[in-house]
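Printed here is input-v5.cif (mmCIF, C-alpha atoms and all ligand atoms):
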```cif
data_structure
loop_
_atom_site.label_atom_id
_atom_site.label_comp_id
_atom_site.auth_asym_id
_atom_site.auth_seq_id
_atom_site.Cartn_x
_atom_site.Cartn_y
_atom_site.Cartn_z
CA MET J 141 133.18 33.86 165.78
CA LYS J 142 131.88 36.55 163.45
CA VAL J 143 134.67 37.34 161.03
CA LEU J 144 134.97 40.16 158.47
CA ILE J 145 137.44 39.98 155.57
CA VAL J 146 138.38 43.31 153.99
CA GLY J 147 138.91 43.23 150.21
CA GLY J 148 137.24 41.85 147.12
CA GLY J 149 139.66 40.03 144.84
CA GLY J 150 140.83 36.48 144.21
CA ARG J 151 143.06 36.58 147.27
CA GLU J 152 140.12 37.50 149.50
CA HIS J 153 138.04 34.70 147.95
CA ALA J 154 140.79 32.22 148.84
CA ILE J 155 140.99 33.56 152.41
CA ALA J 156 137.18 33.37 152.72
CA TRP J 157 137.16 29.81 151.29
CA ALA J 158 139.79 28.72 153.83
CA LEU J 159 138.13 30.46 156.80
CA ALA J 160 134.70 29.07 155.88
CA LYS J 161 136.09 25.60 156.63
CA SER J 162 136.99 26.55 160.21
CA PRO J 163 134.61 25.29 162.92
CA LYS J 164 135.48 28.46 164.88
CA VAL J 165 133.93 30.71 162.21
CA THR J 166 130.17 30.87 162.59
CA GLN J 167 129.47 33.86 160.36
CA LEU J 168 131.67 35.20 157.58
CA PHE J 169 131.45 38.65 155.96
CA CYS J 170 133.50 40.28 153.22
CA ALA J 171 133.65 43.96 152.27
CA PRO J 172 133.21 44.67 149.46
CA GLY J 173 133.54 41.02 148.30
CA ASN J 174 132.59 39.88 144.79
CA GLY J 175 130.28 37.56 142.88
CA GLY J 176 132.13 34.40 143.97
CA ILE J 177 132.84 35.39 147.54
CA ALA J 178 129.08 35.78 147.91
CA SER J 179 128.80 31.97 147.90
CA VAL J 180 130.87 31.59 151.10
CA ALA J 181 130.44 34.95 152.85
CA GLN J 182 127.90 37.74 153.12
CA CYS J 183 129.14 40.67 151.05
CA VAL J 184 128.98 44.16 152.57
CA PRO J 185 129.13 47.17 150.21
CA ILE J 186 131.94 49.15 151.85
CA LYS J 187 135.08 50.15 149.96
CA ALA J 188 138.25 48.44 151.22
CA THR J 189 139.91 51.83 151.74
CA ASP J 190 137.04 53.31 153.76
CA VAL J 191 138.69 52.97 157.18
CA GLU J 192 136.06 54.86 159.14
CA GLY J 193 133.15 53.14 157.41
CA MET J 194 134.71 49.71 157.92
CA VAL J 195 135.39 50.25 161.61
CA ALA J 196 131.88 51.60 162.18
CA TRP J 197 130.30 48.61 160.42
CA ALA J 198 132.51 46.12 162.28
CA ARG J 199 131.59 47.74 165.59
CA ASP J 200 127.86 48.03 164.86
CA ASN J 201 127.72 44.40 163.75
CA ALA J 202 129.83 43.06 166.61
CA MET J 203 132.63 41.47 164.61
CA ASP J 204 134.93 39.26 166.69
CA PHE J 205 137.81 39.41 164.22
CA VAL J 206 138.71 41.36 161.09
CA VAL J 207 141.19 40.22 158.43
CA VAL J 208 142.63 43.15 156.46
CA ALA J 209 144.00 41.66 153.22
CA PRO J 210 144.89 44.44 150.70
CA ASP J 211 147.85 46.83 150.85
CA ASP J 212 146.01 50.19 150.81
CA PRO J 213 143.91 49.79 153.97
CA LEU J 214 146.93 48.35 155.80
CA ALA J 215 149.02 51.39 154.84
CA LEU J 216 146.11 53.64 155.85
CA GLY J 217 146.13 52.13 159.34
CA MET J 218 142.94 50.08 159.25
CA VAL J 219 144.35 47.53 161.69
CA ASP J 220 145.33 50.32 164.10
CA ALA J 221 141.84 51.81 163.79
CA MET J 222 140.12 48.45 164.42
CA GLU J 223 142.26 47.81 167.49
CA ALA J 224 141.56 51.32 168.78
CA ALA J 225 137.86 50.48 168.53
CA GLY J 226 138.45 47.26 170.48
CA ILE J 227 138.12 44.92 167.49
CA PRO J 228 140.89 42.34 167.09
CA ALA J 229 142.34 42.54 163.58
CA PHE J 230 144.79 40.54 161.47
CA GLY J 231 147.46 42.37 159.51
CA PRO J 232 150.36 44.66 160.30
CA ARG J 233 149.79 48.06 161.85
CA ALA J 234 150.64 51.01 159.61
CA ASP J 235 154.09 51.43 161.15
CA ALA J 236 154.99 47.87 160.07
CA ALA J 237 153.01 47.88 156.79
CA VAL J 238 155.42 50.63 155.74
CA ILE J 239 157.81 47.89 154.54
CA GLU J 240 155.53 47.76 151.49
CA ALA J 241 154.22 51.32 151.43
CA SER J 242 157.70 52.87 151.27
CA LYS J 243 160.47 51.28 149.24
CA ILE J 244 162.90 53.81 150.72
CA PHE J 245 162.00 52.64 154.22
CA SER J 246 162.47 48.98 153.31
CA LYS J 247 165.77 49.53 151.48
CA ASN J 248 167.16 51.52 154.41
CA LEU J 249 165.99 48.81 156.84
CA MET J 250 167.77 46.14 154.80
CA ALA J 251 170.95 48.22 154.62
CA LYS J 252 170.94 48.87 158.37
CA TYR J 253 170.46 45.18 159.25
CA HIS J 254 172.65 43.72 156.48
CA ILE J 255 169.81 41.91 154.71
CA PRO J 256 170.89 41.03 151.14
CA THR J 257 169.26 43.21 148.46
CA ALA J 258 170.26 45.14 145.33
CA LYS J 259 172.72 48.03 145.78
CA TYR J 260 170.74 51.30 145.72
CA ARG J 261 170.54 55.05 146.23
CA THR J 262 167.47 57.13 147.11
CA PHE J 263 166.59 60.47 145.50
CA THR J 264 164.29 63.42 146.02
CA ASN J 265 166.07 65.59 143.45
CA MET J 266 165.52 64.85 139.76
CA GLU J 267 168.82 66.26 138.46
CA GLN J 268 170.77 64.12 140.93
CA ALA J 269 168.75 61.04 139.95
CA LEU J 270 169.43 61.65 136.23
CA ALA J 271 173.15 62.11 136.90
CA TYR J 272 173.29 58.89 138.95
CA VAL J 273 171.67 56.92 136.12
CA GLN J 274 174.21 58.42 133.67
CA ALA J 275 177.12 57.46 135.94
CA GLU J 276 175.90 53.91 136.71
CA GLY J 277 174.81 52.97 133.17
CA ALA J 278 172.23 50.34 132.18
CA PRO J 279 170.59 47.98 132.88
CA ILE J 280 169.30 49.78 135.97
CA VAL J 281 166.05 49.77 137.95
CA VAL J 282 163.96 52.85 138.81
CA LYS J 283 161.28 52.55 141.52
CA ALA J 284 158.74 55.04 142.83
CA ASP J 285 158.86 55.10 146.64
CA GLY J 286 155.15 54.63 147.38
CA LEU J 287 152.32 52.27 146.46
CA ALA J 288 151.73 52.42 142.70
CA LEU J 289 149.58 49.34 142.03
CA GLY J 290 152.71 47.32 141.21
CA LYS J 291 153.41 49.63 138.27
CA GLY J 292 155.95 51.98 139.81
CA VAL J 293 158.96 49.88 138.77
CA VAL J 294 160.90 50.23 135.52
CA VAL J 295 163.65 47.74 134.72
CA ALA J 296 165.45 49.89 132.15
CA GLN J 297 167.68 48.37 129.48
CA SER J 298 169.23 51.72 128.49
CA VAL J 299 170.24 54.97 130.18
CA ALA J 300 167.67 56.85 128.08
CA GLU J 301 164.85 54.52 129.21
CA ALA J 302 165.88 54.90 132.85
CA GLN J 303 166.09 58.68 132.56
CA ASP J 304 162.66 58.80 130.92
CA ALA J 305 161.31 56.81 133.86
CA VAL J 306 162.92 59.22 136.34
CA ARG J 307 161.37 62.20 134.53
CA ALA J 308 157.95 60.55 134.28
CA MET J 309 157.90 59.78 138.00
CA MET J 310 159.48 62.97 139.33
CA SER J 311 158.40 65.72 137.00
CA ASP J 312 155.30 64.41 135.22
CA GLN J 313 154.10 62.91 138.52
CA LYS J 314 152.95 59.76 136.76
CA PHE J 315 152.35 58.14 140.14
CA GLY J 316 151.34 61.26 142.04
CA ALA J 317 152.95 61.61 145.44
CA ALA J 318 154.22 58.00 145.22
CA GLY J 319 156.85 59.08 142.70
CA THR J 320 158.25 62.25 144.24
CA ARG J 321 160.86 60.10 145.98
CA LEU J 322 162.74 57.39 144.11
CA VAL J 323 164.92 54.37 144.64
CA ILE J 324 167.40 53.64 141.86
CA GLU J 325 169.01 50.25 142.16
CA GLU J 326 171.28 47.71 140.58
CA CYS J 327 169.63 45.27 138.17
CA MET J 328 169.78 41.75 139.58
CA THR J 329 169.46 38.53 137.61
CA GLY J 330 168.13 35.09 138.44
CA PRO J 331 164.84 33.28 139.00
CA GLU J 332 162.22 35.04 141.13
CA VAL J 333 160.51 33.27 144.01
CA THR J 334 157.84 34.43 146.43
CA VAL J 335 157.77 33.25 150.01
CA LEU J 336 154.80 34.25 152.15
CA ALA J 337 155.27 33.87 155.89
CA PHE J 338 152.96 34.07 158.87
CA CYS J 339 154.40 36.32 161.51
CA ASP J 340 153.38 37.17 165.09
CA GLY J 341 155.83 39.98 165.74
CA GLU J 342 158.51 37.61 166.97
CA HIS J 343 158.10 34.18 165.36
CA LEU J 344 157.87 33.47 161.66
CA VAL J 345 156.52 30.44 159.78
CA PRO J 346 157.14 30.36 156.02
CA MET J 347 154.43 28.92 153.79
CA PRO J 348 155.31 26.77 150.75
CA SER J 349 157.19 28.86 148.18
CA SER J 350 155.42 30.13 145.09
CA GLN J 351 156.00 31.88 141.81
CA ASP J 352 153.90 34.58 140.19
CA HIS J 353 153.81 35.38 136.45
CA LYS J 354 153.55 39.15 136.21
CA ARG J 355 153.66 39.76 132.45
CA ALA J 356 150.44 39.74 130.45
CA PHE J 357 151.52 37.43 127.63
CA ASP J 358 153.25 34.09 127.06
CA GLY J 359 157.03 33.94 127.30
CA ASN J 360 156.98 36.71 129.95
CA GLN J 361 156.21 39.29 127.28
CA GLY J 362 153.98 42.35 127.40
CA PRO J 363 153.08 44.77 130.16
CA ASN J 364 153.23 44.02 133.89
CA THR J 365 149.95 42.96 135.48
CA GLY J 366 148.81 42.17 139.01
CA GLY J 367 149.72 38.53 138.22
CA MET J 368 148.50 36.14 135.51
CA GLY J 369 149.00 32.92 137.42
CA ALA J 370 150.95 31.27 140.20
CA ILE J 371 152.39 27.90 141.08
CA SER J 372 153.36 26.49 144.45
CA PRO J 373 155.93 25.28 145.35
CA SER J 374 158.56 26.91 143.13
CA PRO J 375 160.93 24.32 141.64
CA ASN J 376 163.80 26.80 142.16
CA TYR J 377 163.33 26.96 145.91
CA THR J 378 165.48 24.05 147.03
CA PRO J 379 165.94 23.11 150.71
CA GLU J 380 169.41 24.66 150.56
CA VAL J 381 168.03 27.98 149.25
CA ALA J 382 165.26 27.84 151.86
CA LYS J 383 167.82 27.47 154.66
CA ARG J 384 169.82 30.47 153.44
CA CYS J 385 166.67 32.58 153.07
CA MET J 386 165.58 31.72 156.60
CA GLU J 387 168.96 32.60 158.11
CA GLU J 388 169.97 35.55 155.94
CA ILE J 389 166.61 37.17 155.13
CA PHE J 390 163.46 36.01 156.96
CA LEU J 391 164.62 35.89 160.60
CA PRO J 392 166.75 39.05 160.29
CA THR J 393 163.78 40.94 158.78
CA VAL J 394 161.43 40.02 161.62
CA ALA J 395 164.11 40.82 164.20
CA ALA J 396 164.86 44.15 162.49
CA LEU J 397 161.23 45.24 162.54
CA LYS J 398 160.95 44.27 166.19
CA ALA J 399 164.16 46.12 167.04
CA GLU J 400 162.81 49.22 165.28
CA GLY J 401 159.73 49.13 167.52
CA ARG J 402 157.49 48.07 164.64
CA PRO J 403 156.75 44.40 165.35
CA PHE J 404 155.17 42.80 162.28
CA GLN J 405 152.01 40.75 162.83
CA GLY J 406 150.43 39.40 159.69
CA VAL J 407 151.71 37.91 156.46
CA ILE J 408 155.06 39.12 155.15
CA TYR J 409 155.59 38.67 151.42
CA PHE J 410 159.23 38.14 150.53
CA GLY J 411 159.81 38.82 146.82
CA LEU J 412 163.17 37.16 146.24
CA MET J 413 165.63 36.84 143.42
CA LEU J 414 168.00 33.87 143.42
CA THR J 415 171.06 35.68 142.10
CA PRO J 416 174.49 34.15 141.37
CA ASP J 417 175.56 35.74 144.71
CA GLY J 418 172.75 34.08 146.64
CA PRO J 419 169.14 34.97 147.45
CA LYS J 420 168.35 38.69 147.66
CA VAL J 421 165.22 40.69 148.45
CA VAL J 422 163.50 42.35 145.46
CA GLU J 423 160.65 43.66 147.55
CA TYR J 424 158.65 43.20 150.71
CA ASN J 425 154.89 43.29 150.78
CA ALA J 426 152.83 43.46 153.95
CA ARG J 427 150.16 40.93 152.94
CA PHE J 428 149.36 37.77 151.00
CA GLY J 429 150.24 38.08 147.30
CA ASP J 430 147.55 37.77 144.67
CA PRO J 431 147.48 35.22 142.93
CA GLU J 432 150.13 33.46 145.06
CA CYS J 433 147.63 33.28 147.94
CA GLN J 434 145.17 31.25 145.88
CA ALA J 435 147.79 28.59 145.09
CA VAL J 436 149.41 28.51 148.53
CA LEU J 437 146.26 28.48 150.70
CA SER J 438 144.91 25.62 148.54
CA LEU J 439 147.71 23.54 150.05
CA LEU J 440 146.93 24.43 153.68
CA GLU J 441 145.64 21.52 155.72
CA SER J 442 145.42 23.22 159.12
CA ASP J 443 142.70 25.59 160.28
CA LEU J 444 143.55 29.08 158.95
CA MET J 445 141.59 30.75 161.75
CA ASP J 446 143.84 29.13 164.39
CA ILE J 447 146.89 30.50 162.59
CA LEU J 448 145.51 34.03 162.22
CA LEU J 449 144.59 34.12 165.91
CA ALA J 450 148.07 32.92 166.89
CA CYS J 451 149.67 35.66 164.77
CA ARG J 452 147.80 38.20 166.83
CA SER J 453 148.44 36.65 170.21
CA GLY J 454 152.16 36.06 169.66
CA THR J 455 151.80 32.27 169.92
CA LEU J 456 152.67 31.20 166.39
CA ASP J 457 155.41 28.94 167.77
CA GLN J 458 152.71 26.83 169.44
CA VAL J 459 150.61 26.08 166.35
CA ASP J 460 151.16 23.00 164.26
CA ILE J 461 150.84 24.23 160.66
CA ARG J 462 150.43 21.46 158.11
CA TRP J 463 150.51 21.54 154.34
CA ARG J 464 149.43 19.00 151.75
CA ASP J 465 152.33 17.20 150.12
CA GLN J 466 151.07 18.32 146.72
CA ALA J 467 151.53 21.11 144.20
CA ALA J 468 149.07 23.84 143.18
CA CYS J 469 148.53 26.00 140.13
CA CYS J 470 146.31 29.08 139.90
CA LEU J 471 145.57 30.16 136.32
CA VAL J 472 144.15 33.67 135.94
CA LEU J 473 141.44 34.24 133.34
CA ALA J 474 141.48 37.94 132.45
CA SER J 475 139.39 40.38 130.44
CA GLY J 476 140.71 41.01 126.93
CA GLY J 477 142.75 44.24 127.01
CA TYR J 478 143.85 43.92 130.64
CA PRO J 479 146.05 45.48 132.06
CA GLY J 480 144.98 48.27 129.66
CA SER J 481 141.34 49.18 129.16
CA TYR J 482 138.71 46.45 128.86
CA GLN J 483 134.95 45.96 128.79
CA THR J 484 132.98 44.43 131.66
CA GLY J 485 129.51 43.00 132.20
CA TYR J 486 129.99 39.85 130.10
CA PRO J 487 128.18 36.71 131.30
CA ILE J 488 130.51 33.90 132.46
CA SER J 489 129.63 30.29 131.62
CA GLY J 490 131.04 26.92 132.66
CA LEU J 491 131.80 27.74 136.29
CA GLU J 492 129.97 24.73 137.67
CA GLU J 493 131.69 22.29 135.33
CA ALA J 494 135.14 23.79 136.06
CA GLY J 495 134.41 23.62 139.78
CA LYS J 496 134.17 19.82 139.63
CA SER J 497 137.94 19.40 139.26
CA ALA J 498 139.33 22.76 140.46
CA VAL J 499 138.48 25.57 142.83
CA VAL J 500 137.52 28.68 140.87
CA PHE J 501 138.36 31.78 142.91
CA HIS J 502 136.59 34.91 141.72
CA ALA J 503 138.50 38.17 141.35
CA GLY J 504 136.59 40.58 139.08
CA THR J 505 133.04 39.25 139.03
CA ARG J 506 129.65 40.35 140.29
CA ALA J 507 126.29 38.67 140.63
CA ASP J 508 123.94 39.61 137.77
CA GLY J 509 120.91 39.47 140.07
CA GLN J 510 119.44 36.46 138.22
CA GLY J 511 121.62 33.71 139.65
CA GLY J 512 124.48 34.21 137.21
CA VAL J 513 127.79 36.04 137.35
CA VAL J 514 129.25 38.62 134.98
CA THR J 515 132.75 40.04 134.56
CA SER J 516 133.50 43.23 136.49
CA GLY J 517 137.30 43.59 136.50
CA GLY J 518 140.59 42.97 134.71
CA ARG J 519 141.51 39.75 136.43
CA VAL J 520 138.24 37.83 136.45
CA LEU J 521 138.86 34.31 137.80
CA GLY J 522 141.68 32.21 139.26
CA VAL J 523 141.22 28.55 138.34
CA THR J 524 143.16 26.64 140.98
CA ALA J 525 143.99 22.94 140.83
CA LEU J 526 146.06 20.60 142.97
CA GLY J 527 148.16 17.71 141.71
CA ALA J 528 150.64 15.13 142.93
CA ASP J 529 153.35 17.24 141.31
CA LEU J 530 153.57 20.59 139.50
CA ASN J 531 152.88 19.14 136.06
CA ALA J 532 149.71 17.48 137.28
CA ALA J 533 148.56 20.69 138.99
CA ILE J 534 149.24 22.79 135.89
CA ASP J 535 147.46 20.30 133.60
CA GLY J 536 144.55 20.25 136.05
CA ALA J 537 144.15 24.02 136.05
CA TYR J 538 144.21 24.22 132.24
CA ALA J 539 141.79 21.32 131.87
CA ALA J 540 139.30 22.93 134.26
CA ALA J 541 139.66 26.34 132.59
CA LYS J 542 138.62 24.83 129.25
CA HIS J 543 135.04 24.73 130.52
CA ILE J 544 134.89 28.46 131.23
CA SER J 545 134.14 31.17 128.71
CA PHE J 546 133.24 34.84 128.49
CA THR J 547 133.62 37.38 125.68
CA ASP J 548 137.27 38.36 125.02
CA MET J 549 138.61 36.00 127.72
CA HIS J 550 142.43 36.05 127.83
CA TYR J 551 144.90 33.83 129.67
CA ARG J 552 148.50 32.75 129.42
CA THR J 553 149.16 29.25 128.13
CA ASP J 554 152.54 28.83 129.87
CA ILE J 555 151.90 29.28 133.59
CA GLY J 556 154.43 27.17 135.50
CA ARG J 557 156.33 26.33 132.31
CA VAL J 558 158.57 29.44 132.06
P1 LIG R 601 158.71 45.15 142.63
O1 LIG R 601 157.41 45.87 142.53
O2 LIG R 601 159.75 45.85 143.43
O3 LIG R 601 158.55 43.70 142.97
O4 LIG R 601 159.26 45.07 141.11
C1 LIG R 601 158.48 44.50 140.10
C2 LIG R 601 159.33 43.57 139.28
O5 LIG R 601 160.44 44.28 138.73
C3 LIG R 601 159.96 42.44 140.08
O6 LIG R 601 159.11 41.35 140.22
C4 LIG R 601 161.17 42.10 139.23
O7 LIG R 601 160.79 41.28 138.14
C5 LIG R 601 161.58 43.43 138.69
N1 LIG R 601 162.63 44.02 139.52
C6 LIG R 601 162.48 44.82 140.60
N2 LIG R 601 163.68 45.17 141.13
C7 LIG R 601 164.61 44.57 140.38
C8 LIG R 601 166.05 44.54 140.41
N3 LIG R 601 166.74 45.23 141.32
N4 LIG R 601 166.68 43.81 139.48
C9 LIG R 601 165.99 43.13 138.53
N5 LIG R 601 164.64 43.11 138.44
C10 LIG R 601 163.95 43.82 139.36
N1 LIG R 602 151.47 38.92 143.02
C1 LIG R 602 152.17 40.07 143.40
C2 LIG R 602 151.56 40.84 144.49
O1 LIG R 602 150.56 40.46 145.06
O2 LIG R 602 152.10 41.88 144.82
#
```
What would the structure in this file look like if it were written as structure tokens?
Amino acid sequence: MKVLIVGGGGREHAIAWALAKSPKVTQLFCAPGNGGIASVAQCVPIKATDVEGMVAWARDNAMDFVVVAPDDPLALGMVDAMEAAGIPAFGPRADAAVIEASKIFSKNLMAKYHIPTAKYRTFTNMEQALAYVQAEGAPIVVKADGLALGKGVVVAQSVAEAQDAVRAMMSDQKFGAAGTRLVIEECMTGPEVTVLAFCDGEHLVPMPSSQDHKRAFDGNQGPNTGGMGAISPSPNYTPEVAKRCMEEIFLPTVAALKAEGRPFQGVIYFGLMLTPDGPKVVEYNARFGDPECQAVLSLLESDLMDILLACRSGTLDQVDIRWRDQAACCLVLASGGYPGSYQTGYPISGLEEAGKSAVVFHAGTRADGQGGVVTSGGRVLGVTALGADLNAAIDGAYAAAKHISFTDMHYRTDIGRV
């Protein structure tokens, strides 16, 4: 099969790496791809959000299957557009991807189907939102409704901070249209766990649990990022918690989307908080997480292509999905300054040596045209190692990363330890 992956980050490199191992995949393409993906797939210079351009290219080049990985093209209806052009595609249609694209939609869905989540109210009027914050007190959480690159959430420790966030989103339009509607919700406490699950509209198969590290600096300090590292499985996700999540959250969510006439086919990302009152949903995403994907897919033993095809054909219950009985750690090496401004174009050294004991997924890199790779983004690489247990995986990732260097390289030293 000729397969196209849409996207160009570390997550897409991990998906490409896993699909390249499938005997069913004869030719692999990635648009736009990056400097590392180029070693397993042919990169095509089309922006991930260019729905028309992507469909035209996939049609003209006779793709048999398209995997849409990032949130924006899913929300824009790229899967719908592919299917309309007769090209089978993996990922939810826009009407199901809305569980990520609109926090108001997902909160209302959870309320209607009694899926545990933080108590909330939604607002389109700024004065009412400010008054609600005043009445509820802090800590309190303010969220822009739409996609805001993971930055539309403020966990406010004071009423003033929460009200500033409301004003920034609603009157200063900090997030454009994404912030004209808000969710304000109760602040939950407890460890956070991610569970990604394959879904075919009706059946759901959870992958091993994982844990992201969103803050830029050690000790969970500093600004929020796209994710500075991930481990899998999460030590907090015990079999007992897993059973509750399956019964109280995962199955009801899939059933709810089906009942609403929006069957979800693709990967659902359950962002969970293990609160003193039990597991609750922090957020849904409509795709693999990045960098959780890099850690989790490293543990997959089965053929990913078989699973993706089953998600589309509604036959996920008939696939035997196997995972290595190991742990994984993905350590992100970032550009100095990220998630603020940073320089790019720095040569990267040590990739070959690091690749002897770990898999180095590329996120923000590009080929320099002379056989080397240079930095081209905030998150540059995801050094991913397996181990018999979490400690071994974490040690492995740090040991491999020691070989890599580029100007102003920054990484956390406590991934998996906080
Ligand atoms: P989200 O984009 O909704 O996942 O929010 C980003 C981060 O904000 C989450 O990973 C949590 O750490 C935090 N957060 C979001 N909602 C809440 C909440 N209701 N209570 C406490 N922390 C939250
Ligand atoms: N790692 C968080 C996300 O992909 O949204």
Taking into account all atoms listed in the file, which residue in the set J:Met250, J:Ala258, J:Ala532, J:Ile371 is nearest to ligand LIG 602 (chain R)?
->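 Among the listed residues, the smallest separation from ligand LIG 602 (chain R) belongs to J:Ile371.
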Can you find the residues with an atom no farther than 8 Å from (158.5, 44.7, 157.2), counting all atoms listed in the file, and report them as a ChimeraX atom specification?
-> /J:236-240,246,393-394,397,404,408,424-426
Closest pair table for chain J residues within 7 Å of ligand LIG 601 (chain R), all atoms listed in the file, as a Markdown table:
```
| residue | atom | partner | partner_atom | distance |
| --- | --- | --- | --- | --- |
| J:Ala258 | CA | R:LIG601 | N3 | 5.3 |
| J:Val281 | CA | R:LIG601 | N3 | 5.7 |
| J:Gly290 | CA | R:LIG601 | O1 | 5.1 |
| J:Lys291 | CA | R:LIG601 | O1 | 6.9 |
| J:Gly292 | CA | R:LIG601 | O1 | 6.8 |
| J:Val293 | CA | R:LIG601 | O4 | 5.4 |
| J:Val294 | CA | R:LIG601 | O5 | 6.8 |
| J:Val295 | CA | R:LIG601 | N5 | 6.0 |
| J:Glu325 | CA | R:LIG601 | N3 | 5.6 |
| J:Glu326 | CA | R:LIG601 | N3 | 5.2 |
| J:Cys327 | CA | R:LIG601 | N4 | 3.5 |
| J:Met328 | CA | R:LIG601 | N4 | 3.7 |
| J:Thr329 | CA | R:LIG601 | C9 | 5.8 |
| J:Gly411 | CA | R:LIG601 | O3 | 6.3 |
| J:Val422 | CA | R:LIG601 | N2 | 5.2 |
| J:Glu423 | CA | R:LIG601 | O2 | 4.8 |
```
Output the selection as a PDB file, in the frame of the given file - C-alpha atoms for each residue.
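File out37.pdb, as written:
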```pdb
ATOM      1  CA  ALA J 258     170.260  45.140 145.330  1.00  0.00           C
ATOM      2  CA  VAL J 281     166.050  49.770 137.950  1.00  0.00           C
ATOM      3  CA  GLY J 290     152.710  47.320 141.210  1.00  0.00           C
ATOM      4  CA  LYS J 291     153.410  49.630 138.270  1.00  0.00           C
ATOM      5  CA  GLY J 292     155.950  51.980 139.810  1.00  0.00           C
ATOM      6  CA  VAL J 293     158.960  49.880 138.770  1.00  0.00           C
ATOM      7  CA  VAL J 294     160.900  50.230 135.520  1.00  0.00           C
ATOM      8  CA  VAL J 295     163.650  47.740 134.720  1.00  0.00           C
ATOM      9  CA  GLU J 325     169.010  50.250 142.160  1.00  0.00           C
ATOM     10  CA  GLU J 326     171.280  47.710 140.580  1.00  0.00           C
ATOM     11  CA  CYS J 327     169.630  45.270 138.170  1.00  0.00           C
ATOM     12  CA  MET J 328     169.780  41.750 139.580  1.00  0.00           C
ATOM     13  CA  THR J 329     169.460  38.530 137.610  1.00  0.00           C
ATOM     14  CA  GLY J 411     159.810  38.820 146.820  1.00  0.00           C
ATOM     15  CA  VAL J 422     163.500  42.350 145.460  1.00  0.00           C
ATOM     16  CA  GLU J 423     160.650  43.660 147.550  1.00  0.00           C
TER      17      GLU J 423
END
```
Name the residues, using the chain letters and numbers of the file, that sit within 6 Å of (137.8, 39.0, 157.0) when counting all atoms listed in the file, and give them as a list in words.
-> Val143, Leu144, Ile145, Val146, Cys170, Val206 and Val207 of chain J
Restricted to C-alpha atoms, what would the selected residues look like written as a compact mmCIF listing (two decimals), in the frame of the given file?
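Output (result_2.txt):
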```txt
# COMPACT_ATOMS: atom_id res chain seq x y z
CA VAL J 143 134.67 37.34 161.03
CA LEU J 144 134.97 40.16 158.47
CA ILE J 145 137.44 39.98 155.57
CA VAL J 146 138.38 43.31 153.99
CA CYS J 170 133.50 40.28 153.22
CA VAL J 206 138.71 41.36 161.09
CA VAL J 207 141.19 40.22 158.43
```
Counting all atoms listed in the file, name the residues that have an atom within 8 Å of an atom of ligand LIG 602 (chain R); the answer should be given as a ChimeraX atom specification.
-> /J:290,352-354,366-367,425,427-432
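Relative to CA of Arg151 (chain J), CA of Val421 (chain J) is found at 22.6 Å.
Among the candidates J:Thr257, J:Ser489, J:Gln167, J:Thr334, the residue lying nearest to Cys183 (chain J) is J:Gln167 (atoms considered: only C-alpha atoms).
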Leu449 (chain J) proximity check over J:Asp340, J:Asp508, J:Asp211, J:Asp548, using all atoms listed in the file: winner is J:Asp340
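Minimum atom-to-atom distance to Ala450 (chain J), evaluated using all atoms listed in the file, belongs to J:Gln405 out of J:Gln405, J:Gln297, J:Ser475, J:Asn265.
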Please provide the set of residues having any atom within 7 Å of His343 (chain J), restricted to all atoms listed in the file, with same-chain residues fewer than 4 positions apart removed, written as a list of chain:residue names.
->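 Surrounding residues, per the criterion: J:Cys339, J:Leu456, J:Asp457.
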Given the choices J:Ala181, J:Ala156, J:Ala278, J:Ile534, which gets closest to Val208 (chain J) if the distance is worked out from all atoms listed in the file?
->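 Using all atoms listed in the file, Val208 (chain J) sits closest to J:Ala156.
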Residues at most 7 Å from Ala337 (chain J), counting all atoms listed in the file, excluding those fewer than 5 positions away in the same chain, as a PDB file with C-alpha atoms, in the coordinates of the input?
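The file below, result-v4.pdb, is the result:
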```pdb
ATOM      1  CA  LEU J 344     157.870  33.470 161.660  1.00  0.00           C
ATOM      2  CA  VAL J 345     156.520  30.440 159.780  1.00  0.00           C
ATOM      3  CA  PRO J 346     157.140  30.360 156.020  1.00  0.00           C
ATOM      4  CA  MET J 347     154.430  28.920 153.790  1.00  0.00           C
ATOM      5  CA  VAL J 407     151.710  37.910 156.460  1.00  0.00           C
ATOM      6  CA  ILE J 408     155.060  39.120 155.150  1.00  0.00           C
ATOM      7  CA  TYR J 409     155.590  38.670 151.420  1.00  0.00           C
TER       8      TYR J 409
END
```
Could you please determine the separation between CA of Glu152 (chain J) and CA of Arg552 (chain J) in Å, to one decimal place?
->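 Going from CA of Glu152 (chain J) over to CA of Arg552 (chain J) covers 22.3 Å.
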Across J:Thr378, J:Asn248, J:Thr264, J:Thr524, the smallest distance to Ser311 (chain J), with only C-alpha atoms counted, is shown by J:Thr264
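Interatomic distance, CA of His153 (chain J) against CA of Gly176 (chain J): 7.1 Å.
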As an mmCIF file with C-alpha atoms, keeping the file's coordinate frame, please: the residues near region 160-166 of chain J (cut-off 10 Å, all atoms listed in the file, same-chain neighbours under 5 positions excluded).
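part12.cif was written with the following content:
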```cif
data_model
loop_
_atom_site.group_PDB
_atom_site.id
_atom_site.type_symbol
_atom_site.label_atom_id
_atom_site.label_comp_id
_atom_site.auth_asym_id
_atom_site.auth_seq_id
_atom_site.Cartn_x
_atom_site.Cartn_y
_atom_site.Cartn_z
ATOM 1 C CA MET J 141 133.180 33.860 165.780
ATOM 2 C CA LYS J 142 131.880 36.550 163.450
ATOM 3 C CA VAL J 143 134.670 37.340 161.030
ATOM 4 C CA ALA J 154 140.790 32.220 148.840
ATOM 5 C CA ILE J 155 140.990 33.560 152.410
ATOM 6 C CA VAL J 180 130.870 31.590 151.100
ATOM 7 C CA ALA J 181 130.440 34.950 152.850
ATOM 8 C CA ASP J 204 134.930 39.260 166.690
ATOM 9 C CA PHE J 205 137.810 39.410 164.220
ATOM 10 C CA SER J 442 145.420 23.220 159.120
ATOM 11 C CA ASP J 443 142.700 25.590 160.280
ATOM 12 C CA LEU J 444 143.550 29.080 158.950
ATOM 13 C CA MET J 445 141.590 30.750 161.750
ATOM 14 C CA ASP J 446 143.840 29.130 164.390
#
```
